[in-house]
Amino acid sequence: MHIVFVHRHGPGQFVHLARRLISDGWTATLICESMDRPVPGLRVFRYGDKPGGQGRSGEISGKGSVPYIVAGRRVADILNKLSLNGRKPDLVMGHIGWGGMLFVKDALPDVPAIGYCEYYFQPQGGDLGFAPTEEVSLHHRQTVRLRNTVQLATLDQIDIGISPTAWQKSRFPQEFQSKIVVQHEGIDTSRARPDSVASFRLPNGRLLTAGDPVVTFAARSLEPYRGFPQFVKAAALVATQIPEAQFVIAGGDGVSYGRQTGNASELRDRLVAETGLPQDRAHFLGQVPHQDLVKLFQVSAAHVYLTYPFVLSWSFLEAMACEAPIIASNTAPVQEVIRHKRNGTLVDFWDTNALADEVCAALSDPKSRFDMRRAARRTVVDRFELSGCTLRLQSMLQKVSSLRARMSAPAKNSKQMRQPILERGHA
């Protein structure tokens, strides 16, 4: 079986699935603009800018940022060449957000297409306008709607979609939700696990161990979408009440989500200065290797996860799997995983006083969080464990391929023609 993955910065969400399929003897190809990590045995084709930055029909693209339509055309060109060269895939699976899947059916009309449906931008109920001070202009609404047109055109032609959580699926238009399956890509709970003798060495040489009053915060970028300003404000309050508390923050100074509103490092320095967060107790690590991030979760006495109503972070689920005491924002994607006082505690995203109180409570009485910590790991093992998730995804791919093959053959009766790609039990 030959599967082609399509992802702008691949393999991305497909990394675990690609590894499993390759280990089971599948041929796997990735079409991407850039690679975020290597996978042994994964063949790679890049659709980045051609010399001169000139796309087809005179479309211009800035270096490192391929426009969605141009990306879709280049992916289709690669798929067409694979087919002409005798390497036609049996399945194509890709992220629908960046245009790469836009013309898959034009290049390979008889090949099943599976779309990864991560997030559909809506004018209400999600990230847009979540901040009370954010003014959502008519131009911004138009920009969001235009961005969604690529996803809509792709949704119209894919055979099935996959969304990692039920809330993320719910953001897509109702008329397309019947073809979207909720299935997370999985968390490796054999690596993200509790360790009572774990330790983490800070850049200044200090060694933190499990049981120390360590408050942790992790995000790809330290930005408003992930509640970084709220965390710093709350941390400053905690610092005045618990002098021995250490605050360890992992994340870069860039902007991963939302709009650029200024220099990110300047935002960090300004927040620290304005709140009075002690600089000798606030440790900014930048982006850290994954194995170090796991160690950080293992020594955490209070892990803070805040997010706008947006995509759920892998790091949040990994912290849960490590049995870090969770204090999280009471926002829709988090509510799908955390039950208040059962496997974590929830606070209002904007209430920094309530956040500080919860962190202080966790540091002051760590034994009171024992049952919640255990329950947090059970949640991840039961719902997001890697081997189960990848097995279900692989089973789904095989079923899509076999059903499509039967539907492409001359039908013996009308009932076969009406058969859905997946049975109800997989939805």
# chains A, B, ... in the order shown; residues from 1 in each chain; ligands from 1

call {"tool": "residues_around", "arguments": {"residues": "stretch 302-309 of chain A", "least_positions_apart": "6", "cutoff": "8 Å", "atoms": "only C-alpha atoms", "output": "PyMOL selection string"}}
result
chain A and resi 125-127+130+213-218+225-228+231+316+319+324-329+331-333+349+359+362-363

call {"tool": "closest_residue", "arguments": {"among": "A:Gly254, A:Gly186, A:Gly211, A:Pro229", "to": "A:Cys389", "atoms": "only C-alpha atoms"}}
result
A:Gly186

call {"tool": "closest_residue", "arguments": {"among": "A:Phe370, A:Leu312, A:Ser300, A:Asp212", "to": "A:Ala166", "atoms": "only C-alpha atoms"}}
result
A:Leu312

call {"tool": "select_by_dssp", "arguments": {"residues": "stretch 57-271 of chain A", "states": "strand (DSSP E or B)", "output": "PyMOL selection string"}}
result
chain A and resi 60+62+65+91-95+113-116+160-163+180-182+187+199-201+207-209+214-221+246-252

call {"tool": "closest_atom_pairs", "arguments": {"of": "stretch 68-169 of chain A", "to": "stretch 32-50 of chain A", "cutoff": "8 Å", "atoms": "only C-alpha atoms", "output": "tab-separated table"}}
result
residue	atom	partner	partner_atom	distance
A:Ala71	CA	A:Tyr47	CA	6.8
A:Arg74	CA	A:Tyr47	CA	5.9
A:Val75	CA	A:Tyr47	CA	6.5
A:Ile78	CA	A:Phe45	CA	7.8

call {"tool": "residues_around", "arguments": {"residues": "A:Thr189", "least_positions_apart": "4", "cutoff": "9 Å", "atoms": "only C-alpha atoms", "output": "PyMOL selection string"}}
result
chain A and resi 193+318+321-322+377+380-381+384-386

call {"tool": "select_by_dssp", "arguments": {"residues": "stretch 255-345 of chain A", "states": "helix (DSSP H, G or I)", "output": "ChimeraX atom specification"}}
result
/A:264-275,290-299,314-321,332-335

call {"tool": "closest_residue", "arguments": {"among": "A:His9, A:Leu355, A:Thr27, A:Ile249", "to": "A:Pro203", "atoms": "only C-alpha atoms"}}
result
A:Ile249

call {"tool": "residues_around", "arguments": {"residues": "A:Arg220", "least_positions_apart": "2", "cutoff": "8 Å", "atoms": "only C-alpha atoms", "output": "PyMOL selection string"}}
result
chain A and resi 218+222+250-252+256+287

call {"tool": "write_last_selection", "arguments": {"atoms": "N, CA and C atoms", "output": "PDB file, in the first residue's frame"}}
result
ATOM      1  N   ALA A 218       4.288  25.868  29.295  1.00  0.00           N
ATOM      2  CA  ALA A 218       4.926  25.473  28.034  1.00  0.00           C
ATOM      3  C   ALA A 218       4.008  25.801  26.862  1.00  0.00           C
ATOM      4  N   LEU A 222       5.537  32.037  23.296  1.00  0.00           N
ATOM      5  CA  LEU A 222       4.987  32.718  24.467  1.00  0.00           C
ATOM      6  C   LEU A 222       4.151  33.897  23.974  1.00  0.00           C
ATOM      7  N   ALA A 250       8.805  27.272  29.160  1.00  0.00           N
ATOM      8  CA  ALA A 250       9.365  26.768  27.906  1.00  0.00           C
ATOM      9  C   ALA A 250       8.562  27.329  26.741  1.00  0.00           C
ATOM     10  N   GLY A 251       9.262  27.871  25.748  1.00  0.00           N
ATOM     11  CA  GLY A 251       8.583  28.426  24.581  1.00  0.00           C
ATOM     12  C   GLY A 251       9.408  29.511  23.929  1.00  0.00           C
ATOM     13  N   GLY A 252       9.208  29.668  22.630  1.00  0.00           N
ATOM     14  CA  GLY A 252       9.953  30.664  21.890  1.00  0.00           C
ATOM     15  C   GLY A 252       9.350  32.049  21.963  1.00  0.00           C
ATOM     16  N   SER A 256       3.147  32.014  16.954  1.00  0.00           N
ATOM     17  CA  SER A 256       2.670  30.846  16.223  1.00  0.00           C
ATOM     18  C   SER A 256       1.220  31.005  15.793  1.00  0.00           C
ATOM     19  N   GLN A 287      12.662  27.360  23.322  1.00  0.00           N
ATOM     20  CA  GLN A 287      12.148  26.069  22.875  1.00  0.00           C
ATOM     21  C   GLN A 287      13.153  24.989  23.254  1.00  0.00           C
TER      22      GLN A 287
END

call {"tool": "closest_residue", "arguments": {"among": "A:Ala239, A:Asp292, A:Gln122, A:Phe297", "to": "A:Pro278", "atoms": "only C-alpha atoms"}}
result
A:Ala239

call {"tool": "residues_around", "arguments": {"residues": "A:Ala234", "least_positions_apart": "6", "cutoff": "8 Å", "atoms": "only C-alpha atoms", "output": "short mmCIF file (atom, residue, chain, number, x, y, z; two decimals) with N, CA and C atoms, in the first residue's frame"}}
result
data_model
loop_
_atom_site.label_atom_id
_atom_site.label_comp_id
_atom_site.auth_asym_id
_atom_site.auth_seq_id
_atom_site.Cartn_x
_atom_site.Cartn_y
_atom_site.Cartn_z
N THR A 352 -6.68 36.26 36.59
CA THR A 352 -5.34 35.93 37.05
C THR A 352 -5.29 35.71 38.56
N ASN A 353 -6.18 36.35 39.31
CA ASN A 353 -6.22 36.12 40.75
C ASN A 353 -6.65 34.69 41.06
N LEU A 355 -6.33 32.15 39.05
CA LEU A 355 -5.24 31.30 38.60
C LEU A 355 -4.14 31.24 39.66
N ALA A 356 -3.78 32.38 40.21
CA ALA A 356 -2.75 32.42 41.25
C ALA A 356 -3.19 31.63 42.48
#

call {"tool": "closest_residue", "arguments": {"among": "A:Thr133, A:Asp351, A:Ala219, A:Met93", "to": "A:Ile160", "atoms": "only C-alpha atoms"}}
result
A:Met93

call {"tool": "decode", "arguments": {"residues": "stretch 200-215 of chain A", "atoms": "N, CA and C atoms", "output": "PDB file, in the first residue's frame"}}
result
ATOM      1  N   PHE A 200      15.414  18.008  36.718  1.00  0.00           N
ATOM      2  CA  PHE A 200      15.572  18.924  35.585  1.00  0.00           C
ATOM      3  C   PHE A 200      16.582  19.992  35.990  1.00  0.00           C
ATOM      4  N   ARG A 201      17.613  20.138  35.159  1.00  0.00           N
ATOM      5  CA  ARG A 201      18.649  21.116  35.477  1.00  0.00           C
ATOM      6  C   ARG A 201      18.387  22.420  34.729  1.00  0.00           C
ATOM      7  N   LEU A 202      18.326  23.495  35.485  1.00  0.00           N
ATOM      8  CA  LEU A 202      18.101  24.813  34.915  1.00  0.00           C
ATOM      9  C   LEU A 202      19.379  25.342  34.254  1.00  0.00           C
ATOM     10  N   PRO A 203      19.250  26.324  33.366  1.00  0.00           N
ATOM     11  CA  PRO A 203      20.449  26.908  32.726  1.00  0.00           C
ATOM     12  C   PRO A 203      21.463  27.448  33.720  1.00  0.00           C
ATOM     13  N   ASN A 204      21.009  27.876  34.899  1.00  0.00           N
ATOM     14  CA  ASN A 204      21.951  28.408  35.891  1.00  0.00           C
ATOM     15  C   ASN A 204      22.624  27.317  36.716  1.00  0.00           C
ATOM     16  N   GLY A 205      22.308  26.048  36.394  1.00  0.00           N
ATOM     17  CA  GLY A 205      22.939  24.930  37.089  1.00  0.00           C
ATOM     18  C   GLY A 205      22.115  24.332  38.208  1.00  0.00           C
ATOM     19  N   ARG A 206      21.085  25.018  38.642  1.00  0.00           N
ATOM     20  CA  ARG A 206      20.266  24.499  39.746  1.00  0.00           C
ATOM     21  C   ARG A 206      19.506  23.256  39.281  1.00  0.00           C
ATOM     22  N   LEU A 207      19.440  22.265  40.163  1.00  0.00           N
ATOM     23  CA  LEU A 207      18.750  21.018  39.850  1.00  0.00           C
ATOM     24  C   LEU A 207      17.390  21.008  40.534  1.00  0.00           C
ATOM     25  N   LEU A 208      16.346  20.858  39.730  1.00  0.00           N
ATOM     26  CA  LEU A 208      14.986  20.733  40.257  1.00  0.00           C
ATOM     27  C   LEU A 208      14.604  19.262  40.262  1.00  0.00           C
ATOM     28  N   THR A 209      13.923  18.832  41.310  1.00  0.00           N
ATOM     29  CA  THR A 209      13.509  17.442  41.414  1.00  0.00           C
ATOM     30  C   THR A 209      12.022  17.362  41.730  1.00  0.00           C
ATOM     31  N   ALA A 210      11.459  16.189  41.492  1.00  0.00           N
ATOM     32  CA  ALA A 210      10.052  15.964  41.823  1.00  0.00           C
ATOM     33  C   ALA A 210       9.842  16.228  43.312  1.00  0.00           C
ATOM     34  N   GLY A 211       8.834  17.023  43.625  1.00  0.00           N
ATOM     35  CA  GLY A 211       8.573  17.423  44.997  1.00  0.00           C
ATOM     36  C   GLY A 211       8.947  18.855  45.290  1.00  0.00           C
ATOM     37  N   ASP A 212       9.769  19.460  44.442  1.00  0.00           N
ATOM     38  CA  ASP A 212      10.095  20.874  44.593  1.00  0.00           C
ATOM     39  C   ASP A 212       8.910  21.738  44.154  1.00  0.00           C
ATOM     40  N   PRO A 213       8.783  22.964  44.679  1.00  0.00           N
ATOM     41  CA  PRO A 213       7.672  23.853  44.296  1.00  0.00           C
ATOM     42  C   PRO A 213       7.913  24.493  42.921  1.00  0.00           C
ATOM     43  N   VAL A 214       7.749  23.699  41.889  1.00  0.00           N
ATOM     44  CA  VAL A 214       8.045  24.126  40.520  1.00  0.00           C
ATOM     45  C   VAL A 214       6.732  24.395  39.779  1.00  0.00           C
ATOM     46  N   VAL A 215       6.589  25.600  39.254  1.00  0.00           N
ATOM     47  CA  VAL A 215       5.432  25.977  38.442  1.00  0.00           C
ATOM     48  C   VAL A 215       5.900  26.005  36.990  1.00  0.00           C
TER      49      VAL A 215
END
